[in-house]
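Novice: Sending over a structure as structure tokens; questions will come in a sec.
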Amino acid sequence: MKEIIDRLIEKNRKWVKYGQVATYIPELSKQDPNLLGISICDIKGNKFNAGDWNATFTLQSIAKVPSFICALQDNTLEVLSGKISVAPTADGFNSIENLETKNEKKPLNPMINSGAIAAISMVRGKTLEEKFQRIFQMIKKMAGNENLKVNEAVYKSEKETGDRNRSLAYYMKSTGIIDINVEDLLDVYFRLCSIAVNCQDVAGVAGVLAGDGKSPLDGSVLFDAQTAKIAKAVMATCGMYDGSGEFAVEVGLPGKSGVGGGIMAAVPKRMGIGVLGPALDRKGNSLAGWKLLQELSEELNLSIF
Ligand code: GLN
């Protein structure tokens with residue numbers, strides 16, 4: 001495995017120059033576009049790392065998966081599906097349009113910004129700080145890393161420039177999808193997006209999904225198999241936003257990207273994968289990270305389809 005990923009990293013480095021780092025969150029524009037790294041955590045807990053796997057980046061939209069998992073644990077599916085659909089989208093991850101024009105005003109799915117903000121509002125916790133801690137603890141346990149921290153500079157930058165997310169959240173408050181304080185809710189969303197990780201942390205999170213809710217690292221059961229099944233189904237159909245269909249064809253795995261350049265992919269019953277490549281394609285997915293996953297999937301025959 002180590003030989004394969006070392007080779008694929010070197011082969012796919014050429015792609016980094018075709019992408020761009022995110023700039024709409026000013027702090028993210030400081031990222032190094034040339035990074036490319038990968039970590040794998042297999043179902044037995046074996047770890048393999050290559051390239052810039054140890055570089056730090058922020059989870060961004062990858063945090064939407066554990067947020068959705070917590071919302072699934074804390075609500076019946078009936079209640080949850082009354083507020084959030086599980087429909088793929090052909091629009092960008094922060095699109096406002098579909099909130100008004102489609103699906104009875106529900107966010108289309110929990111892997112785009114509107115749906116994730118709604119999902120966080122439904123996570124158990126008397127205060128928003130409790131909701132944050134509940135999701136943060138889930139992320140730490142899945143990653144197998146108790147020392148994860150919020151990157152304060154990225155958090156501050158997101159909060160200062162997050163007006164698109166404010167628009168989405170206030171709109172959802174006006175239609176009754178959200179019934180709590182919008183600014184406080186967004187504070188939780190921004191902090192979750194700003195959690196600093198490396199590829200190995202993300203591979204750990206994905207490893208729990210691959211293991212149907214059981215951590216490959218310490219054997220603890222973090223959620224049930226039904227929750228894992230739903231989360232992976234939504235990742236497979238919606239996890240790469242409007243690139244999800246192409247990702248299903250080219251990589252064939254439940255995946256979730258973030259504008260920090262990370263991609264998380266779960267290979268059911270086999271392994272979790274975390275990839276970093278901050279140079280993004282036009283849809284906000286890591287360009288070289290995608291190519292790397294595509295070749296790994298072909299070489300190891302990982303597609304679930
Ligand atoms: N924090 C980012 C935002 O709200 C997350 C989006 C992403 O990773 N696609 O815009």
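Letters A, B, ... go to the chains of the structure tokens in the order shown; residues in each chain start at 1; ligands are counted from 1 in the same order.
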Could you tell me, counting only C-alpha atoms and all ligand atoms, which protein and nucleic acid residues lie no more than 6 Å from ligand 1, written as a ChimeraX atom specification?
Specialist: /A:60-61,93,113,193,258-259
Novice: Neighbouring residues of Lys64 of chain A were defined as those with any atom within 9 Å, considering only C-alpha atoms; residues of the same chain fewer than 5 positions away were excluded. Please report them as a PyMOL selection string.
Specialist: chain A and resi 69+110-113+115-117+119-120+189+192-193+256
Novice: Give me, as number ranges by chain, the residues of segment 85-264 of chain A that a backbone DSSP run labels strand (DSSP E or B).
Specialist: A: 149-150, 195-197, 214, 221, 255-257, 262-264
Novice: Take the selection from the previous step and output its residues with N, CA and C atoms, as an mmCIF file, in the first residue's frame.
Specialist:
```
data_model
loop_
_atom_site.group_PDB
_atom_site.id
_atom_site.type_symbol
_atom_site.label_atom_id
_atom_site.label_comp_id
_atom_site.auth_asym_id
_atom_site.auth_seq_id
_atom_site.Cartn_x
_atom_site.Cartn_y
_atom_site.Cartn_z
ATOM 1 N N LYS A 149 -8.002 21.137 17.403
ATOM 2 C CA LYS A 149 -8.314 22.509 17.856
ATOM 3 C C LYS A 149 -8.912 23.292 16.694
ATOM 4 N N VAL A 150 -9.651 24.334 17.044
ATOM 5 C CA VAL A 150 -10.153 25.259 16.030
ATOM 6 C C VAL A 150 -9.017 26.191 15.609
ATOM 7 N N ILE A 195 -12.023 23.659 12.160
ATOM 8 C CA ILE A 195 -11.236 22.685 12.933
ATOM 9 C C ILE A 195 -10.017 22.265 12.101
ATOM 10 N N ALA A 196 -8.835 22.368 12.717
ATOM 11 C CA ALA A 196 -7.586 22.057 12.013
ATOM 12 C C ALA A 196 -7.295 20.560 12.101
ATOM 13 N N VAL A 197 -6.979 19.966 10.965
ATOM 14 C CA VAL A 197 -6.745 18.517 10.872
ATOM 15 C C VAL A 197 -5.571 18.256 9.924
ATOM 16 N N LYS A 214 -18.144 1.715 13.695
ATOM 17 C CA LYS A 214 -17.163 1.224 14.674
ATOM 18 C C LYS A 214 -15.783 1.778 14.331
ATOM 19 N N VAL A 221 -17.844 1.709 19.430
ATOM 20 C CA VAL A 221 -18.958 1.935 18.503
ATOM 21 C C VAL A 221 -19.450 3.366 18.703
ATOM 22 N N GLY A 255 -18.002 10.229 -0.765
ATOM 23 C CA GLY A 255 -16.924 11.193 -0.523
ATOM 24 C C GLY A 255 -17.477 12.504 -0.004
ATOM 25 N N LYS A 256 -16.593 13.293 0.601
ATOM 26 C CA LYS A 256 -16.996 14.636 1.040
ATOM 27 C C LYS A 256 -15.782 15.543 0.928
ATOM 28 N N SER A 257 -15.971 16.658 0.243
ATOM 29 C CA SER A 257 -14.866 17.599 0.085
ATOM 30 C C SER A 257 -15.083 18.826 0.957
ATOM 31 N N GLY A 262 -9.453 19.468 1.470
ATOM 32 C CA GLY A 262 -9.551 18.071 1.899
ATOM 33 C C GLY A 262 -10.634 17.316 1.142
ATOM 34 N N ILE A 263 -10.403 16.020 0.949
ATOM 35 C CA ILE A 263 -11.480 15.120 0.520
ATOM 36 C C ILE A 263 -11.426 13.900 1.432
ATOM 37 N N MET A 264 -12.591 13.545 1.929
ATOM 38 C CA MET A 264 -12.715 12.330 2.741
ATOM 39 C C MET A 264 -13.471 11.304 1.906
#
```
Novice: Report as a Markdown table: every residue of segment 76-129 of chain A with an atom at most 10 Å from segment 161-179 of chain A, its closest pair of atoms, and their distance in Å to one decimal, counting only C-alpha atoms, with rows sorted by chain and ascending residue number.
Specialist:
```
| residue | atom | partner | partner_atom | distance |
| --- | --- | --- | --- | --- |
| A:Gly82 | CA | A:Ile177 | CA | 8.8 |
| A:Lys83 | CA | A:Ile177 | CA | 5.8 |
| A:Ile84 | CA | A:Ile177 | CA | 8.4 |
| A:Asn94 | CA | A:Arg164 | CA | 7.1 |
| A:Ser95 | CA | A:Leu168 | CA | 8.3 |
| A:Ile96 | CA | A:Leu168 | CA | 6.2 |
| A:Glu97 | CA | A:Leu168 | CA | 9.6 |
| A:Leu99 | CA | A:Met172 | CA | 7.9 |
| A:Glu100 | CA | A:Tyr171 | CA | 8.8 |
| A:Glu104 | CA | A:Thr175 | CA | 9.8 |
| A:Lys105 | CA | A:Thr175 | CA | 7.2 |
| A:Lys106 | CA | A:Ile177 | CA | 7.1 |
| A:Pro107 | CA | A:Met172 | CA | 8.3 |
| A:Asn113 | CA | A:Asn165 | CA | 7.1 |
| A:Ser114 | CA | A:Leu168 | CA | 5.9 |
| A:Gly115 | CA | A:Leu168 | CA | 9.5 |
| A:Ile117 | CA | A:Ala169 | CA | 7.1 |
| A:Ala118 | CA | A:Ile178 | CA | 6.2 |
| A:Ala119 | CA | A:Ile178 | CA | 9.3 |
| A:Ile120 | CA | A:Ile178 | CA | 9.8 |
| A:Ser121 | CA | A:Ile178 | CA | 6.7 |
| A:Met122 | CA | A:Ile178 | CA | 8.5 |
```
Novice: Just to be explicit: take each residue in the selection above, keep all heavy atoms, and write the result as a short mmCIF file (atom, residue, chain, number, x, y, z; two decimals), in the first residue's frame.
Specialist:
```cif
data_model
loop_
_atom_site.label_atom_id
_atom_site.label_comp_id
_atom_site.auth_asym_id
_atom_site.auth_seq_id
_atom_site.Cartn_x
_atom_site.Cartn_y
_atom_site.Cartn_z
N GLY A 82 -38.30 16.09 7.67
CA GLY A 82 -39.26 17.20 7.58
C GLY A 82 -38.56 18.54 7.37
O GLY A 82 -39.15 19.50 6.89
N LYS A 83 -37.28 18.60 7.73
CA LYS A 83 -36.52 19.87 7.64
C LYS A 83 -35.46 19.88 6.54
O LYS A 83 -35.08 20.93 6.05
CB LYS A 83 -35.80 20.13 8.97
CG LYS A 83 -36.71 20.19 10.18
CD LYS A 83 -37.04 21.61 10.55
CE LYS A 83 -37.85 21.64 11.82
NZ LYS A 83 -38.25 22.97 12.22
N ILE A 84 -34.91 18.69 6.21
CA ILE A 84 -33.81 18.63 5.23
C ILE A 84 -34.06 17.48 4.27
O ILE A 84 -34.32 16.36 4.70
CB ILE A 84 -32.45 18.37 5.94
CG1 ILE A 84 -32.24 19.31 7.12
CG2 ILE A 84 -31.29 18.49 4.94
CD1 ILE A 84 -31.09 18.92 8.04
N ASN A 94 -23.08 26.91 -1.86
CA ASN A 94 -23.70 27.97 -1.05
C ASN A 94 -24.83 28.67 -1.82
O ASN A 94 -25.16 29.82 -1.55
CB ASN A 94 -22.66 28.96 -0.52
CG ASN A 94 -21.83 29.56 -1.63
OD1 ASN A 94 -22.13 29.37 -2.80
ND2 ASN A 94 -20.78 30.28 -1.26
N SER A 95 -25.45 27.94 -2.72
CA SER A 95 -26.53 28.51 -3.53
C SER A 95 -27.74 28.84 -2.66
O SER A 95 -28.12 28.09 -1.77
CB SER A 95 -26.92 27.51 -4.61
OG SER A 95 -28.12 27.92 -5.23
N ILE A 96 -28.34 29.99 -2.95
CA ILE A 96 -29.53 30.43 -2.22
C ILE A 96 -30.80 30.03 -2.96
O ILE A 96 -31.82 29.69 -2.37
CB ILE A 96 -29.48 31.97 -2.06
CG1 ILE A 96 -28.34 32.36 -1.12
CG2 ILE A 96 -30.80 32.52 -1.53
CD1 ILE A 96 -28.16 33.83 -0.93
N GLU A 97 -30.68 30.00 -4.28
CA GLU A 97 -31.84 29.88 -5.15
C GLU A 97 -32.78 28.72 -4.79
O GLU A 97 -33.99 28.90 -4.65
CB GLU A 97 -31.34 29.71 -6.59
CG GLU A 97 -32.45 29.73 -7.61
CD GLU A 97 -31.94 29.34 -8.99
OE1 GLU A 97 -30.74 29.04 -9.14
OE2 GLU A 97 -32.77 29.34 -9.91
N LEU A 99 -33.45 27.22 -2.18
CA LEU A 99 -34.20 27.27 -0.92
C LEU A 99 -35.62 27.79 -1.15
O LEU A 99 -36.55 27.43 -0.46
CB LEU A 99 -33.51 28.21 0.08
CG LEU A 99 -32.43 27.63 0.94
CD1 LEU A 99 -31.87 28.70 1.85
CD2 LEU A 99 -32.92 26.44 1.74
N GLU A 100 -35.74 28.66 -2.15
CA GLU A 100 -37.06 29.23 -2.40
C GLU A 100 -37.83 28.48 -3.48
O GLU A 100 -39.05 28.39 -3.43
CB GLU A 100 -36.93 30.70 -2.81
CG GLU A 100 -38.30 31.38 -2.86
CD GLU A 100 -38.20 32.87 -3.08
OE1 GLU A 100 -37.23 33.32 -3.69
OE2 GLU A 100 -39.11 33.56 -2.63
N GLU A 104 -40.35 22.36 -1.24
CA GLU A 104 -41.12 22.92 -0.12
C GLU A 104 -40.24 23.74 0.81
O GLU A 104 -40.36 23.66 2.02
CB GLU A 104 -41.80 21.81 0.67
CG GLU A 104 -42.74 20.98 -0.18
CD GLU A 104 -42.77 19.54 0.31
OE1 GLU A 104 -42.27 19.26 1.40
OE2 GLU A 104 -43.31 18.70 -0.42
N LYS A 105 -39.30 24.49 0.24
CA LYS A 105 -38.44 25.40 0.99
C LYS A 105 -37.43 24.72 1.92
O LYS A 105 -36.77 25.35 2.71
CB LYS A 105 -39.27 26.42 1.77
CG LYS A 105 -40.22 27.21 0.87
CD LYS A 105 -41.01 28.22 1.63
CE LYS A 105 -41.89 29.08 0.74
NZ LYS A 105 -42.42 28.44 -0.47
N LYS A 106 -37.32 23.40 1.82
CA LYS A 106 -36.32 22.71 2.64
C LYS A 106 -34.96 22.80 1.95
O LYS A 106 -34.91 22.75 0.71
CB LYS A 106 -36.67 21.22 2.76
CG LYS A 106 -37.76 20.92 3.72
CD LYS A 106 -37.88 19.41 3.93
CE LYS A 106 -38.63 18.74 2.79
NZ LYS A 106 -38.90 17.31 3.05
N PRO A 107 -33.85 22.85 2.72
CA PRO A 107 -32.55 22.72 2.05
C PRO A 107 -32.48 21.38 1.33
O PRO A 107 -33.03 20.39 1.80
CB PRO A 107 -31.54 22.80 3.18
CG PRO A 107 -32.29 22.83 4.46
CD PRO A 107 -33.74 23.02 4.17
N ASN A 113 -24.21 24.00 2.28
CA ASN A 113 -24.20 24.87 3.46
C ASN A 113 -25.56 24.99 4.14
O ASN A 113 -25.66 24.86 5.36
CB ASN A 113 -23.70 26.27 3.08
CG ASN A 113 -22.24 26.25 2.67
OD1 ASN A 113 -21.66 25.18 2.45
ND2 ASN A 113 -21.63 27.42 2.56
N SER A 114 -26.62 25.24 3.37
CA SER A 114 -27.94 25.43 3.99
C SER A 114 -28.35 24.19 4.79
O SER A 114 -28.78 24.30 5.95
CB SER A 114 -28.99 25.73 2.91
OG SER A 114 -28.96 24.72 1.90
N GLY A 115 -28.18 23.02 4.21
CA GLY A 115 -28.60 21.78 4.88
C GLY A 115 -27.75 21.49 6.11
O GLY A 115 -28.25 20.96 7.11
N ILE A 117 -26.26 23.79 8.02
CA ILE A 117 -26.62 24.75 9.07
C ILE A 117 -27.92 24.27 9.74
O ILE A 117 -28.05 24.28 10.97
CB ILE A 117 -26.75 26.17 8.47
CG1 ILE A 117 -25.37 26.66 8.00
CG2 ILE A 117 -27.35 27.14 9.47
CD1 ILE A 117 -25.40 27.88 7.08
N ALA A 118 -28.87 23.80 8.92
CA ALA A 118 -30.12 23.28 9.48
C ALA A 118 -29.86 22.03 10.33
O ALA A 118 -30.45 21.86 11.41
CB ALA A 118 -31.10 22.96 8.36
N ALA A 119 -28.96 21.15 9.87
CA ALA A 119 -28.66 19.92 10.63
C ALA A 119 -28.06 20.27 11.99
O ALA A 119 -28.43 19.67 13.01
CB ALA A 119 -27.71 19.03 9.82
N ILE A 120 -27.14 21.24 12.01
CA ILE A 120 -26.51 21.61 13.29
C ILE A 120 -27.57 22.12 14.27
O ILE A 120 -27.53 21.81 15.46
CB ILE A 120 -25.41 22.68 13.07
CG1 ILE A 120 -24.25 22.09 12.27
CG2 ILE A 120 -24.91 23.24 14.41
CD1 ILE A 120 -23.27 23.13 11.73
N SER A 121 -28.56 22.85 13.74
CA SER A 121 -29.60 23.39 14.63
C SER A 121 -30.41 22.26 15.29
O SER A 121 -31.02 22.45 16.33
CB SER A 121 -30.54 24.34 13.86
OG SER A 121 -31.48 23.62 13.11
N MET A 122 -30.38 21.07 14.67
CA MET A 122 -31.18 19.96 15.19
C MET A 122 -30.38 19.00 16.08
O MET A 122 -30.91 18.00 16.56
CB MET A 122 -31.80 19.20 14.03
CG MET A 122 -32.74 20.09 13.23
SD MET A 122 -33.49 19.23 11.89
CE MET A 122 -34.69 18.24 12.78
#
```
Novice: As an exercise, work out the distance from atom CA of Gly260 of chain A to atom CA of Lys140 of chain A in Å and give it to one decimal place.
Specialist: 18.2 Å
Novice: Env of segment 228-230 of chain A: 9 Å cut, atoms = only C-alpha atoms, seq-sep filter 6 positions within chain, self excluded. Answer as number ranges by chain.
Specialist: A: 69, 72, 208-213
Novice: Enumerate, as a VMD selection string, the complete set of residues in segment 125-174 of chain A that a backbone-based DSSP assignment places in alpha helix (DSSP H).
Specialist: chain A and resid 128 to 143 152 to 161 163 to 174
Novice: Please build the interface table for segment 213-264 of chain A against segment 35-49 of chain A with a cut-off of 8 Å, listing for each qualifying residue the nearest atom pair and the distance in Å to one decimal; count only C-alpha atoms, order rows by chain and increasing number, and write it as CSV.
Specialist:
```
residue,atom,partner,partner_atom,distance
A:Pro216,CA,A:Gly45,CA,4.6
A:Leu217,CA,A:Gly45,CA,4.8
A:Asp218,CA,A:Gly45,CA,8.0
```
Novice: One number please: atom CA of Lys283 of chain A to atom CA of Asp242 of chain A, in Å, one decimal.
Specialist: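 Separating atom CA of Lys283 of chain A from atom CA of Asp242 of chain A is a distance of 7.0 Å.
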Novice: Within 10 Å of Asn301 of chain A, counting only C-alpha atoms, which residues qualify if same-chain residues fewer than 6 places away don't, as JSON, numbers by chain?
Specialist: {"A": [251, 252, 295]}
Novice: Any idea what's packed within 8 Å of Cys238 of chain A, counting only C-alpha atoms, ignoring anything in its chain fewer than 4 positions away? Could you give it as a count of residues only?
Specialist: 10
Novice: Report, in Å to a single decimal, how far apart atom CA of Arg270 of chain A and atom CA of Gly219 of chain A are.
Specialist: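 Separating atom CA of Gly219 of chain A from atom CA of Arg270 of chain A is a distance of 14.8 Å.
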Novice: I'd like the neighbourhood of Gly144 of chain A as an mmCIF file with all heavy atoms, in the first residue's frame, where a residue qualifies if any of its atoms comes within 8 Å (using only C-alpha atoms), though same-chain residues fewer than 6 positions away should be ignored.
Specialist:
```cif
data_model
loop_
_atom_site.group_PDB
_atom_site.id
_atom_site.type_symbol
_atom_site.label_atom_id
_atom_site.label_comp_id
_atom_site.auth_asym_id
_atom_site.auth_seq_id
_atom_site.Cartn_x
_atom_site.Cartn_y
_atom_site.Cartn_z
ATOM 1 N N ASP A 201 -6.129 12.441 10.322
ATOM 2 C CA ASP A 201 -7.362 12.682 11.083
ATOM 3 C C ASP A 201 -8.586 12.389 10.206
ATOM 4 O O ASP A 201 -9.555 11.760 10.646
ATOM 5 C CB ASP A 201 -7.437 14.142 11.555
ATOM 6 C CG ASP A 201 -6.294 14.507 12.494
ATOM 7 O OD1 ASP A 201 -5.941 13.680 13.355
ATOM 8 O OD2 ASP A 201 -5.758 15.625 12.365
ATOM 9 N N GLY A 204 -9.130 8.777 9.611
ATOM 10 C CA GLY A 204 -9.742 8.162 10.803
ATOM 11 C C GLY A 204 -11.254 8.349 10.802
ATOM 12 O O GLY A 204 -12.017 7.403 11.040
ATOM 13 N N VAL A 205 -11.698 9.576 10.501
ATOM 14 C CA VAL A 205 -13.149 9.858 10.434
ATOM 15 C C VAL A 205 -13.797 8.937 9.396
ATOM 16 O O VAL A 205 -14.828 8.296 9.656
ATOM 17 C CB VAL A 205 -13.397 11.348 10.081
ATOM 18 C CG1 VAL A 205 -14.879 11.612 9.837
ATOM 19 C CG2 VAL A 205 -12.870 12.266 11.184
ATOM 20 N N LEU A 217 -9.752 2.290 15.037
ATOM 21 C CA LEU A 217 -8.587 2.629 15.854
ATOM 22 C C LEU A 217 -8.679 2.036 17.255
ATOM 23 O O LEU A 217 -7.700 1.535 17.787
ATOM 24 C CB LEU A 217 -8.418 4.153 15.915
ATOM 25 C CG LEU A 217 -8.131 4.794 14.548
ATOM 26 C CD1 LEU A 217 -8.211 6.309 14.632
ATOM 27 C CD2 LEU A 217 -6.769 4.359 14.025
#
```
Novice: What lies within 8 Å of Leu128 of chain A using only C-alpha atoms, ignoring chain neighbours under 3 positions off, as number ranges by chain?
Specialist: A: 125, 131-132, 184-185, 188
Novice: Generate a file of the selected residues that holds N, CA and C atoms, formatted as a PDB file, in the first residue's frame.
Specialist:
```pdb
ATOM      1  N   GLY A 125     -28.662  19.601  22.525  1.00  0.00           N
ATOM      2  CA  GLY A 125     -27.863  20.559  23.298  1.00  0.00           C
ATOM      3  C   GLY A 125     -28.750  21.716  23.713  1.00  0.00           C
ATOM      4  N   LYS A 131     -24.223  22.078  21.612  1.00  0.00           N
ATOM      5  CA  LYS A 131     -24.317  21.475  20.267  1.00  0.00           C
ATOM      6  C   LYS A 131     -22.916  21.394  19.645  1.00  0.00           C
ATOM      7  N   PHE A 132     -22.158  22.500  19.763  1.00  0.00           N
ATOM      8  CA  PHE A 132     -20.802  22.507  19.205  1.00  0.00           C
ATOM      9  C   PHE A 132     -19.966  21.388  19.834  1.00  0.00           C
ATOM     10  N   ASP A 184     -25.694  32.936  16.601  1.00  0.00           N
ATOM     11  CA  ASP A 184     -25.069  31.917  17.460  1.00  0.00           C
ATOM     12  C   ASP A 184     -24.929  30.585  16.724  1.00  0.00           C
ATOM     13  N   LEU A 185     -25.940  30.253  15.937  1.00  0.00           N
ATOM     14  CA  LEU A 185     -25.892  29.006  15.165  1.00  0.00           C
ATOM     15  C   LEU A 185     -24.744  29.048  14.157  1.00  0.00           C
ATOM     16  N   VAL A 188     -21.353  28.387  15.575  1.00  0.00           N
ATOM     17  CA  VAL A 188     -21.040  26.952  15.688  1.00  0.00           C
ATOM     18  C   VAL A 188     -20.604  26.418  14.327  1.00  0.00           C
TER      19      VAL A 188
END
```
Novice: Considering only C-alpha atoms, can you say which of A:Ala143, A:Ile180, A:Leu296, A:Ile62 comes closest to Lys2 of chain A?
Specialist: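 Closest residue, counting only C-alpha atoms: A:Leu296.
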Novice: For Gln226 of chain A, which residue among A:Ile9, A:Gln73, A:Lys17, A:Ala203 is the nearest when counting only C-alpha atoms?
Specialist: A:Gln73
Novice: Between A:Asp281, A:Glu146, A:Glu10, A:Glu78, which one has atoms that come closest to Met240 of chain A, using only C-alpha atoms?
Specialist: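 Nearest candidate to Met240 of chain A out of A:Asp281, A:Glu146, A:Glu10, A:Glu78: A:Asp281.
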Novice: Can you work out which one of A:Arg124, A:Lys156, A:Lys14, A:Lys269 has the shortest atom-to-atom distance to Gly289 of chain A, counting only C-alpha atoms?
Specialist: A:Lys14
Novice: Looking at A:Gly92, A:Pro66, A:Pro268, A:Pro254, which one is nearest to Ile139 of chain A, with distances taken over only C-alpha atoms?
Specialist: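 Using only C-alpha atoms, Ile139 of chain A sits closest to A:Pro66.
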